[in-house]
file work38.cif (mmCIF, N, CA, C and O atoms)
data_entry
loop_
_atom_site.label_atom_id
_atom_site.label_comp_id
_atom_site.auth_asym_id
_atom_site.auth_seq_id
_atom_site.Cartn_x
_atom_site.Cartn_y
_atom_site.Cartn_z
N MET I 1 -48.60 -11.26 1.37
CA MET I 1 -47.61 -10.34 1.88
C MET I 1 -48.19 -9.59 3.07
O MET I 1 -49.34 -9.24 3.08
N THR I 2 -47.35 -9.38 4.00
CA THR I 2 -47.79 -8.63 5.17
C THR I 2 -47.21 -7.23 5.11
O THR I 2 -46.07 -7.03 4.70
N SER I 3 -48.00 -6.28 5.47
CA SER I 3 -47.48 -4.91 5.50
C SER I 3 -46.93 -4.64 6.89
O SER I 3 -47.47 -5.10 7.88
N GLU I 4 -45.85 -3.90 6.91
CA GLU I 4 -45.22 -3.59 8.20
C GLU I 4 -45.91 -2.38 8.82
O GLU I 4 -46.28 -1.44 8.13
N THR I 5 -46.01 -2.42 10.09
CA THR I 5 -46.58 -1.27 10.79
C THR I 5 -45.50 -0.22 10.97
O THR I 5 -44.30 -0.54 10.92
N PRO I 6 -45.87 1.03 11.14
CA PRO I 6 -44.86 2.07 11.34
C PRO I 6 -43.94 1.77 12.51
O PRO I 6 -42.76 2.13 12.49
N LYS I 7 -44.42 1.08 13.53
CA LYS I 7 -43.60 0.77 14.70
C LYS I 7 -42.47 -0.19 14.31
O LYS I 7 -41.33 -0.03 14.74
N ASN I 8 -42.77 -1.19 13.46
CA ASN I 8 -41.74 -2.13 13.02
C ASN I 8 -40.69 -1.44 12.16
O ASN I 8 -39.51 -1.72 12.25
N LYS I 9 -41.13 -0.53 11.30
CA LYS I 9 -40.19 0.20 10.45
C LYS I 9 -39.27 1.06 11.31
O LYS I 9 -38.07 1.13 11.08
N THR I 10 -39.83 1.70 12.31
CA THR I 10 -39.04 2.54 13.19
C THR I 10 -38.01 1.70 13.94
O THR I 10 -36.86 2.11 14.09
N GLY I 11 -38.41 0.53 14.37
CA GLY I 11 -37.50 -0.37 15.07
C GLY I 11 -36.34 -0.80 14.18
O GLY I 11 -35.19 -0.84 14.62
N LYS I 12 -36.65 -1.10 12.91
CA LYS I 12 -35.59 -1.52 11.99
C LYS I 12 -34.63 -0.37 11.70
O LYS I 12 -33.41 -0.56 11.64
N VAL I 13 -35.17 0.82 11.54
CA VAL I 13 -34.33 1.99 11.29
C VAL I 13 -33.43 2.23 12.50
O VAL I 13 -32.23 2.49 12.36
N PHE I 14 -34.00 2.13 13.69
CA PHE I 14 -33.22 2.34 14.91
C PHE I 14 -32.11 1.31 15.03
O PHE I 14 -30.97 1.65 15.35
N LEU I 15 -32.42 0.04 14.76
CA LEU I 15 -31.40 -1.01 14.84
C LEU I 15 -30.30 -0.80 13.80
O LEU I 15 -29.12 -1.02 14.07
N THR I 16 -30.69 -0.35 12.61
CA THR I 16 -29.70 -0.08 11.56
C THR I 16 -28.78 1.07 11.99
O THR I 16 -27.56 0.99 11.82
N LEU I 17 -29.36 2.12 12.53
CA LEU I 17 -28.55 3.24 13.01
C LEU I 17 -27.61 2.81 14.14
O LEU I 17 -26.45 3.21 14.20
N LEU I 18 -28.13 2.00 15.04
CA LEU I 18 -27.33 1.51 16.15
C LEU I 18 -26.18 0.64 15.65
O LEU I 18 -25.04 0.76 16.13
N ALA I 19 -26.46 -0.23 14.68
CA ALA I 19 -25.41 -1.08 14.11
C ALA I 19 -24.35 -0.22 13.43
O ALA I 19 -23.15 -0.46 13.57
N GLY I 20 -24.77 0.79 12.67
CA GLY I 20 -23.82 1.68 12.00
C GLY I 20 -22.95 2.43 13.00
O GLY I 20 -21.74 2.59 12.79
N ALA I 21 -23.55 2.90 14.07
CA ALA I 21 -22.78 3.59 15.10
C ALA I 21 -21.77 2.65 15.75
O ALA I 21 -20.63 3.03 16.03
N GLY I 22 -22.18 1.41 15.97
CA GLY I 22 -21.28 0.42 16.56
C GLY I 22 -20.09 0.13 15.65
O GLY I 22 -18.95 0.06 16.11
N ILE I 23 -20.37 -0.01 14.37
CA ILE I 23 -19.29 -0.26 13.41
C ILE I 23 -18.36 0.94 13.34
O ILE I 23 -17.13 0.80 13.30
N GLY I 24 -18.91 2.13 13.35
CA GLY I 24 -18.09 3.34 13.33
C GLY I 24 -17.21 3.45 14.56
O GLY I 24 -16.04 3.82 14.48
N ALA I 25 -17.78 3.12 15.73
CA ALA I 25 -17.00 3.16 16.96
C ALA I 25 -15.87 2.14 16.93
O ALA I 25 -14.74 2.43 17.33
N LEU I 26 -16.17 0.96 16.43
CA LEU I 26 -15.14 -0.09 16.32
C LEU I 26 -14.02 0.35 15.38
O LEU I 26 -12.84 0.18 15.69
N ALA I 27 -14.39 0.92 14.24
CA ALA I 27 -13.38 1.39 13.29
C ALA I 27 -12.53 2.49 13.93
O ALA I 27 -11.31 2.52 13.76
N GLY I 28 -13.16 3.39 14.68
CA GLY I 28 -12.42 4.44 15.36
C GLY I 28 -11.43 3.89 16.36
O GLY I 28 -10.29 4.35 16.45
N VAL I 29 -11.85 2.91 17.12
CA VAL I 29 -10.96 2.31 18.13
C VAL I 29 -9.79 1.61 17.44
O VAL I 29 -8.64 1.74 17.86
N LEU I 30 -10.08 0.88 16.35
CA LEU I 30 -9.02 0.16 15.66
C LEU I 30 -8.02 1.11 14.99
O LEU I 30 -6.82 0.86 14.98
N LEU I 31 -8.52 2.20 14.43
CA LEU I 31 -7.64 3.10 13.70
C LEU I 31 -6.91 4.09 14.58
O LEU I 31 -5.81 4.52 14.25
N TYR I 32 -7.50 4.47 15.70
CA TYR I 32 -6.89 5.51 16.51
C TYR I 32 -6.36 5.03 17.85
O TYR I 32 -6.00 5.83 18.68
N SER I 33 -6.30 3.72 18.03
CA SER I 33 -5.62 3.20 19.22
C SER I 33 -4.12 3.24 18.93
O SER I 33 -3.69 3.53 17.82
N GLU I 34 -3.31 2.94 19.90
CA GLU I 34 -1.86 2.94 19.69
C GLU I 34 -1.47 1.96 18.59
O GLU I 34 -0.64 2.26 17.75
N LYS I 35 -2.07 0.77 18.62
CA LYS I 35 -1.76 -0.22 17.59
C LYS I 35 -2.23 0.25 16.23
O LYS I 35 -1.57 0.03 15.23
N GLY I 36 -3.38 0.91 16.20
CA GLY I 36 -3.91 1.42 14.94
C GLY I 36 -3.01 2.49 14.34
O GLY I 36 -2.78 2.53 13.14
N ILE I 37 -2.51 3.35 15.20
CA ILE I 37 -1.60 4.40 14.74
C ILE I 37 -0.33 3.77 14.18
O ILE I 37 0.17 4.17 13.12
N GLU I 38 0.17 2.75 14.86
CA GLU I 38 1.36 2.04 14.38
C GLU I 38 1.07 1.33 13.06
O GLU I 38 1.89 1.33 12.15
N ARG I 39 -0.12 0.73 12.94
CA ARG I 39 -0.53 0.06 11.71
C ARG I 39 -0.55 1.05 10.55
O ARG I 39 -0.06 0.75 9.46
N ARG I 40 -1.12 2.22 10.78
CA ARG I 40 -1.18 3.23 9.72
C ARG I 40 0.22 3.71 9.36
O ARG I 40 0.52 3.95 8.20
N ARG I 41 1.10 3.84 10.35
CA ARG I 41 2.47 4.27 10.08
C ARG I 41 3.19 3.24 9.22
O ARG I 41 3.88 3.60 8.27
N LYS I 42 3.00 1.96 9.52
CA LYS I 42 3.63 0.91 8.71
C LYS I 42 3.08 0.93 7.30
O LYS I 42 3.81 0.77 6.33
N PHE I 43 1.76 1.10 7.18
CA PHE I 43 1.15 1.13 5.86
C PHE I 43 1.68 2.32 5.06
O PHE I 43 1.98 2.21 3.88
N ARG I 44 1.82 3.46 5.72
CA ARG I 44 2.34 4.65 5.05
C ARG I 44 3.75 4.40 4.54
O ARG I 44 4.13 4.88 3.47
N ASN I 45 4.54 3.64 5.29
CA ASN I 45 5.91 3.34 4.87
C ASN I 45 5.96 2.39 3.68
O ASN I 45 6.97 2.31 3.01
N LEU I 46 4.87 1.68 3.42
CA LEU I 46 4.83 0.77 2.28
C LEU I 46 4.52 1.48 0.97
O LEU I 46 4.71 0.91 -0.09
N ARG I 47 4.00 2.69 1.08
CA ARG I 47 3.67 3.42 -0.14
C ARG I 47 4.92 3.58 -0.99
O ARG I 47 6.02 3.74 -0.48
N VAL I 48 4.75 3.55 -2.27
CA VAL I 48 5.88 3.64 -3.16
C VAL I 48 6.02 5.09 -3.62
O VAL I 48 5.26 5.58 -4.43
N ASP I 49 6.97 5.77 -3.07
CA ASP I 49 7.26 7.13 -3.48
C ASP I 49 8.77 7.29 -3.37
O ASP I 49 9.29 7.71 -2.36
N HIS I 50 9.46 6.90 -4.43
CA HIS I 50 10.91 6.85 -4.41
C HIS I 50 11.54 8.12 -4.96
O HIS I 50 12.73 8.17 -5.16
N ARG I 51 10.75 9.14 -5.21
CA ARG I 51 11.30 10.34 -5.85
C ARG I 51 12.49 10.91 -5.09
O ARG I 51 13.49 11.24 -5.69
N LEU I 52 12.41 10.99 -3.78
CA LEU I 52 13.48 11.63 -3.02
C LEU I 52 14.71 10.73 -2.89
O LEU I 52 15.81 11.19 -2.98
N ARG I 53 14.48 9.46 -2.68
CA ARG I 53 15.62 8.56 -2.43
C ARG I 53 16.33 8.18 -3.72
O ARG I 53 17.51 7.92 -3.71
N MET I 54 15.62 8.08 -4.83
CA MET I 54 16.24 7.52 -6.03
C MET I 54 16.60 8.57 -7.07
O MET I 54 17.06 8.23 -8.12
N ARG I 55 16.41 9.80 -6.77
CA ARG I 55 16.63 10.85 -7.76
C ARG I 55 18.07 10.86 -8.26
O ARG I 55 18.33 10.75 -9.44
N GLY I 56 19.04 10.96 -7.37
CA GLY I 56 20.43 11.09 -7.79
C GLY I 56 21.16 9.77 -7.94
O GLY I 56 22.15 9.68 -8.62
N GLU I 57 20.69 8.73 -7.32
CA GLU I 57 21.45 7.49 -7.26
C GLU I 57 20.80 6.34 -8.04
O GLU I 57 21.16 5.20 -7.86
N TRP I 58 19.83 6.64 -8.90
CA TRP I 58 19.12 5.56 -9.58
C TRP I 58 20.02 4.74 -10.47
O TRP I 58 19.90 3.52 -10.54
N SER I 59 20.99 5.35 -11.16
CA SER I 59 21.87 4.58 -12.05
C SER I 59 22.69 3.56 -11.25
O SER I 59 22.91 2.44 -11.70
N MET I 60 23.11 3.94 -10.05
CA MET I 60 23.86 3.01 -9.20
C MET I 60 22.95 1.88 -8.71
O MET I 60 23.32 0.71 -8.73
N LEU I 61 21.73 2.22 -8.29
CA LEU I 61 20.77 1.20 -7.85
C LEU I 61 20.41 0.27 -8.99
O LEU I 61 20.27 -0.94 -8.79
N LYS I 62 20.26 0.83 -10.16
CA LYS I 62 19.92 0.03 -11.34
C LYS I 62 21.00 -1.02 -11.61
O LYS I 62 20.71 -2.18 -11.88
N GLY I 63 22.27 -0.60 -11.49
CA GLY I 63 23.38 -1.53 -11.69
C GLY I 63 23.38 -2.66 -10.66
O GLY I 63 23.59 -3.83 -10.99
N LYS I 64 23.10 -2.31 -9.39
CA LYS I 64 23.04 -3.33 -8.34
C LYS I 64 21.91 -4.32 -8.61
O LYS I 64 22.07 -5.53 -8.42
N LEU I 65 20.75 -3.80 -9.04
CA LEU I 65 19.62 -4.69 -9.34
C LEU I 65 19.94 -5.62 -10.49
O LEU I 65 19.59 -6.80 -10.47
N GLN I 66 20.62 -5.10 -11.54
CA GLN I 66 20.95 -5.95 -12.68
C GLN I 66 21.99 -7.00 -12.31
O GLN I 66 21.98 -8.09 -12.86
N GLN I 67 22.87 -6.69 -11.37
CA GLN I 67 23.83 -7.70 -10.91
C GLN I 67 23.12 -8.78 -10.11
O GLN I 67 23.41 -9.96 -10.27
N ALA I 68 22.20 -8.39 -9.26
CA ALA I 68 21.49 -9.35 -8.42
C ALA I 68 20.47 -10.16 -9.21
O ALA I 68 20.25 -11.34 -8.91
N TYR I 69 19.85 -9.54 -10.20
CA TYR I 69 18.81 -10.20 -11.01
C TYR I 69 19.12 -9.99 -12.49
O TYR I 69 18.64 -9.05 -13.11
N PRO I 70 19.95 -10.88 -13.07
CA PRO I 70 20.38 -10.69 -14.46
C PRO I 70 19.22 -10.72 -15.48
O PRO I 70 19.38 -10.23 -16.59
N GLN I 71 18.07 -11.27 -15.10
CA GLN I 71 16.94 -11.33 -16.04
C GLN I 71 16.28 -9.98 -16.26
O GLN I 71 15.47 -9.82 -17.16
N LEU I 72 16.64 -8.97 -15.45
CA LEU I 72 16.05 -7.64 -15.60
C LEU I 72 16.74 -6.89 -16.74
O LEU I 72 17.96 -6.84 -16.82
N THR I 73 15.93 -6.31 -17.60
CA THR I 73 16.45 -5.54 -18.73
C THR I 73 16.44 -4.05 -18.37
O THR I 73 15.85 -3.65 -17.36
N ASP I 74 17.07 -3.25 -19.24
CA ASP I 74 17.04 -1.80 -19.04
C ASP I 74 15.60 -1.29 -19.10
O ASP I 74 15.24 -0.36 -18.37
N GLU I 75 14.79 -1.89 -19.94
CA GLU I 75 13.38 -1.47 -20.06
C GLU I 75 12.62 -1.77 -18.76
O GLU I 75 11.78 -0.97 -18.33
N ASP I 76 12.92 -2.92 -18.14
CA ASP I 76 12.28 -3.25 -16.87
C ASP I 76 12.63 -2.25 -15.79
O ASP I 76 11.82 -1.97 -14.90
N LEU I 77 13.82 -1.72 -15.85
CA LEU I 77 14.32 -0.83 -14.80
C LEU I 77 14.21 0.64 -15.15
O LEU I 77 14.85 1.48 -14.53
N THR I 78 13.37 0.95 -16.12
CA THR I 78 13.15 2.35 -16.47
C THR I 78 12.37 3.01 -15.34
O THR I 78 11.31 2.54 -14.95
N TYR I 79 12.93 4.08 -14.81
CA TYR I 79 12.28 4.79 -13.71
C TYR I 79 12.01 6.22 -14.12
O TYR I 79 12.93 6.96 -14.49
N ALA I 80 10.75 6.58 -14.10
CA ALA I 80 10.37 7.97 -14.35
C ALA I 80 9.97 8.58 -13.02
O ALA I 80 9.22 7.96 -12.25
N GLU I 81 10.45 9.76 -12.75
CA GLU I 81 10.17 10.41 -11.48
C GLU I 81 8.66 10.53 -11.25
O GLU I 81 7.92 10.94 -12.13
N GLY I 82 8.22 10.09 -10.07
CA GLY I 82 6.80 10.13 -9.73
C GLY I 82 6.03 8.92 -10.21
O GLY I 82 4.84 8.80 -9.99
N LYS I 83 6.70 7.98 -10.88
CA LYS I 83 6.03 6.78 -11.39
C LYS I 83 6.65 5.52 -10.79
O LYS I 83 6.84 4.52 -11.46
N GLY I 84 6.98 5.59 -9.52
CA GLY I 84 7.59 4.45 -8.84
C GLY I 84 6.69 3.23 -8.82
O GLY I 84 7.16 2.10 -8.86
N HIS I 85 5.36 3.46 -8.78
CA HIS I 85 4.43 2.33 -8.75
C HIS I 85 4.52 1.51 -10.03
O HIS I 85 4.35 0.29 -10.00
N GLU I 86 4.83 2.15 -11.16
CA GLU I 86 4.98 1.40 -12.41
C GLU I 86 6.24 0.53 -12.37
O GLU I 86 6.23 -0.62 -12.81
N LEU I 87 7.31 1.08 -11.83
CA LEU I 87 8.56 0.32 -11.68
C LEU I 87 8.32 -0.90 -10.79
O LEU I 87 8.71 -2.02 -11.13
N VAL I 88 7.64 -0.69 -9.68
CA VAL I 88 7.37 -1.80 -8.75
C VAL I 88 6.51 -2.86 -9.44
O VAL I 88 6.75 -4.06 -9.29
N GLY I 89 5.54 -2.43 -10.23
CA GLY I 89 4.70 -3.38 -10.96
C GLY I 89 5.50 -4.23 -11.94
O GLY I 89 5.31 -5.44 -12.03
N ARG I 90 6.42 -3.59 -12.67
CA ARG I 90 7.26 -4.34 -13.61
C ARG I 90 8.16 -5.32 -12.87
O ARG I 90 8.33 -6.47 -13.28
N LEU I 91 8.74 -4.87 -11.75
CA LEU I 91 9.62 -5.76 -10.98
C LEU I 91 8.83 -6.92 -10.37
O LEU I 91 9.33 -8.05 -10.32
N GLN I 92 7.60 -6.65 -9.94
CA GLN I 92 6.75 -7.73 -9.42
C GLN I 92 6.54 -8.79 -10.49
O GLN I 92 6.65 -9.98 -10.22
N ALA I 93 6.22 -8.36 -11.69
CA ALA I 93 5.95 -9.31 -12.78
C ALA I 93 7.19 -10.11 -13.14
O ALA I 93 7.11 -11.32 -13.37
N LYS I 94 8.34 -9.45 -13.19
CA LYS I 94 9.58 -10.14 -13.60
C LYS I 94 10.13 -11.05 -12.51
O LYS I 94 10.62 -12.13 -12.79
N LEU I 95 10.08 -10.58 -11.26
CA LEU I 95 10.72 -11.33 -10.17
C LEU I 95 9.77 -12.25 -9.43
O LEU I 95 10.20 -13.10 -8.65
N GLY I 96 8.48 -12.07 -9.63
CA GLY I 96 7.49 -12.93 -8.95
C GLY I 96 7.44 -12.70 -7.45
O GLY I 96 7.17 -13.63 -6.69
N LYS I 97 7.70 -11.47 -7.03
CA LYS I 97 7.66 -11.15 -5.61
C LYS I 97 6.47 -10.24 -5.33
O LYS I 97 5.91 -9.64 -6.24
N ARG I 98 6.12 -10.14 -4.06
CA ARG I 98 5.01 -9.26 -3.67
C ARG I 98 5.50 -7.83 -3.60
O ARG I 98 6.70 -7.55 -3.48
N LYS I 99 4.53 -6.91 -3.65
CA LYS I 99 4.84 -5.48 -3.64
C LYS I 99 5.67 -5.11 -2.42
O LYS I 99 6.66 -4.38 -2.54
N ARG I 100 5.29 -5.63 -1.27
CA ARG I 100 6.01 -5.33 -0.03
C ARG I 100 7.48 -5.75 -0.14
O ARG I 100 8.38 -5.02 0.28
N GLN I 101 7.73 -6.91 -0.74
CA GLN I 101 9.10 -7.40 -0.88
C GLN I 101 9.90 -6.51 -1.84
O GLN I 101 11.07 -6.22 -1.58
N ILE I 102 9.27 -6.09 -2.91
CA ILE I 102 9.95 -5.23 -3.88
C ILE I 102 10.31 -3.89 -3.23
O ILE I 102 11.42 -3.40 -3.36
N VAL I 103 9.36 -3.31 -2.52
CA VAL I 103 9.60 -2.02 -1.87
C VAL I 103 10.71 -2.14 -0.84
O VAL I 103 11.60 -1.30 -0.77
N LYS I 104 10.69 -3.21 -0.05
CA LYS I 104 11.75 -3.44 0.94
C LYS I 104 13.12 -3.56 0.25
O LYS I 104 14.11 -3.01 0.70
N MET I 105 13.13 -4.32 -0.86
CA MET I 105 14.38 -4.53 -1.59
C MET I 105 14.91 -3.19 -2.12
O MET I 105 16.10 -2.90 -1.97
N LEU I 106 14.03 -2.38 -2.70
CA LEU I 106 14.48 -1.09 -3.23
C LEU I 106 14.95 -0.16 -2.12
O LEU I 106 15.96 0.53 -2.27
N ASN I 107 14.25 -0.18 -1.01
CA ASN I 107 14.66 0.70 0.10
C ASN I 107 15.96 0.22 0.72
O ASN I 107 16.72 1.03 1.24
N ALA I 108 16.20 -1.08 0.73
CA ALA I 108 17.43 -1.62 1.29
C ALA I 108 18.65 -1.24 0.44
O ALA I 108 19.75 -1.11 0.96
N LEU I 109 18.44 -1.07 -0.87
CA LEU I 109 19.55 -0.69 -1.73
C LEU I 109 19.92 0.75 -1.48
O LEU I 109 20.98 1.20 -1.67
#

call {"tool": "encode", "arguments": {"input": "work38.cif", "output": "structure tokens"}}
result
Amino acid sequence: MTSETPKNKTGKVFLTLLAGAGIGALAGVLLYSEKGIERRRKFRNLRVDHRLRMRGEWSMLKGKLQQAYPQLTDEDLTYAEGKGHELVGRLQAKLGKRKRQIVKMLNAL
């Protein structure tokens, strides 16, 4: 085994710091450029938080979903306020669609 000299260790530490700074700069450019801001906005819109939209009209939406997808039961369509992610998970399992598709479908109703 060869022992490293302090100069080699310093060089490795410097290169590691430089690589970390480069990765941080790249992440900053990707996240805070115009495209990055738009990407974050789209991602934020995918979050499942149906409390405001589905509070008063859930029974009507539930009826539309059952007409469109007869395999859905009342238990599948149980919606508890603040637990929209659970509803989306059940619909994903029953309908075999991706989360994005389920969220789009619910928002379209």

call {"tool": "atom_distance", "arguments": {"input": "work38.cif", "atom1": "atom O of Met105 (chain I)", "atom2": "atom O of Leu72 (chain I)"}}
result
15.5 Å

call {"tool": "residues_around", "arguments": {"input": "work38.cif", "residues": "region 58-67 of chain I", "least_positions_apart": "5", "cutoff": "8 Å", "atoms": "all atoms listed in the file", "output": "list in words"}}
result
Arg53, Leu72, Thr73, Leu77, Leu106 and Leu109 of chain I

call {"tool": "atom_distance", "arguments": {"input": "work38.cif", "atom1": "CA of His85 (chain I)", "atom2": "CA of Lys99 (chain I)"}}
result
9.3 Å

call {"tool": "atom_distance", "arguments": {"input": "work38.cif", "atom1": "atom N of Ala93 (chain I)", "atom2": "atom N of Ala108 (chain I)"}}
result
17.5 Å
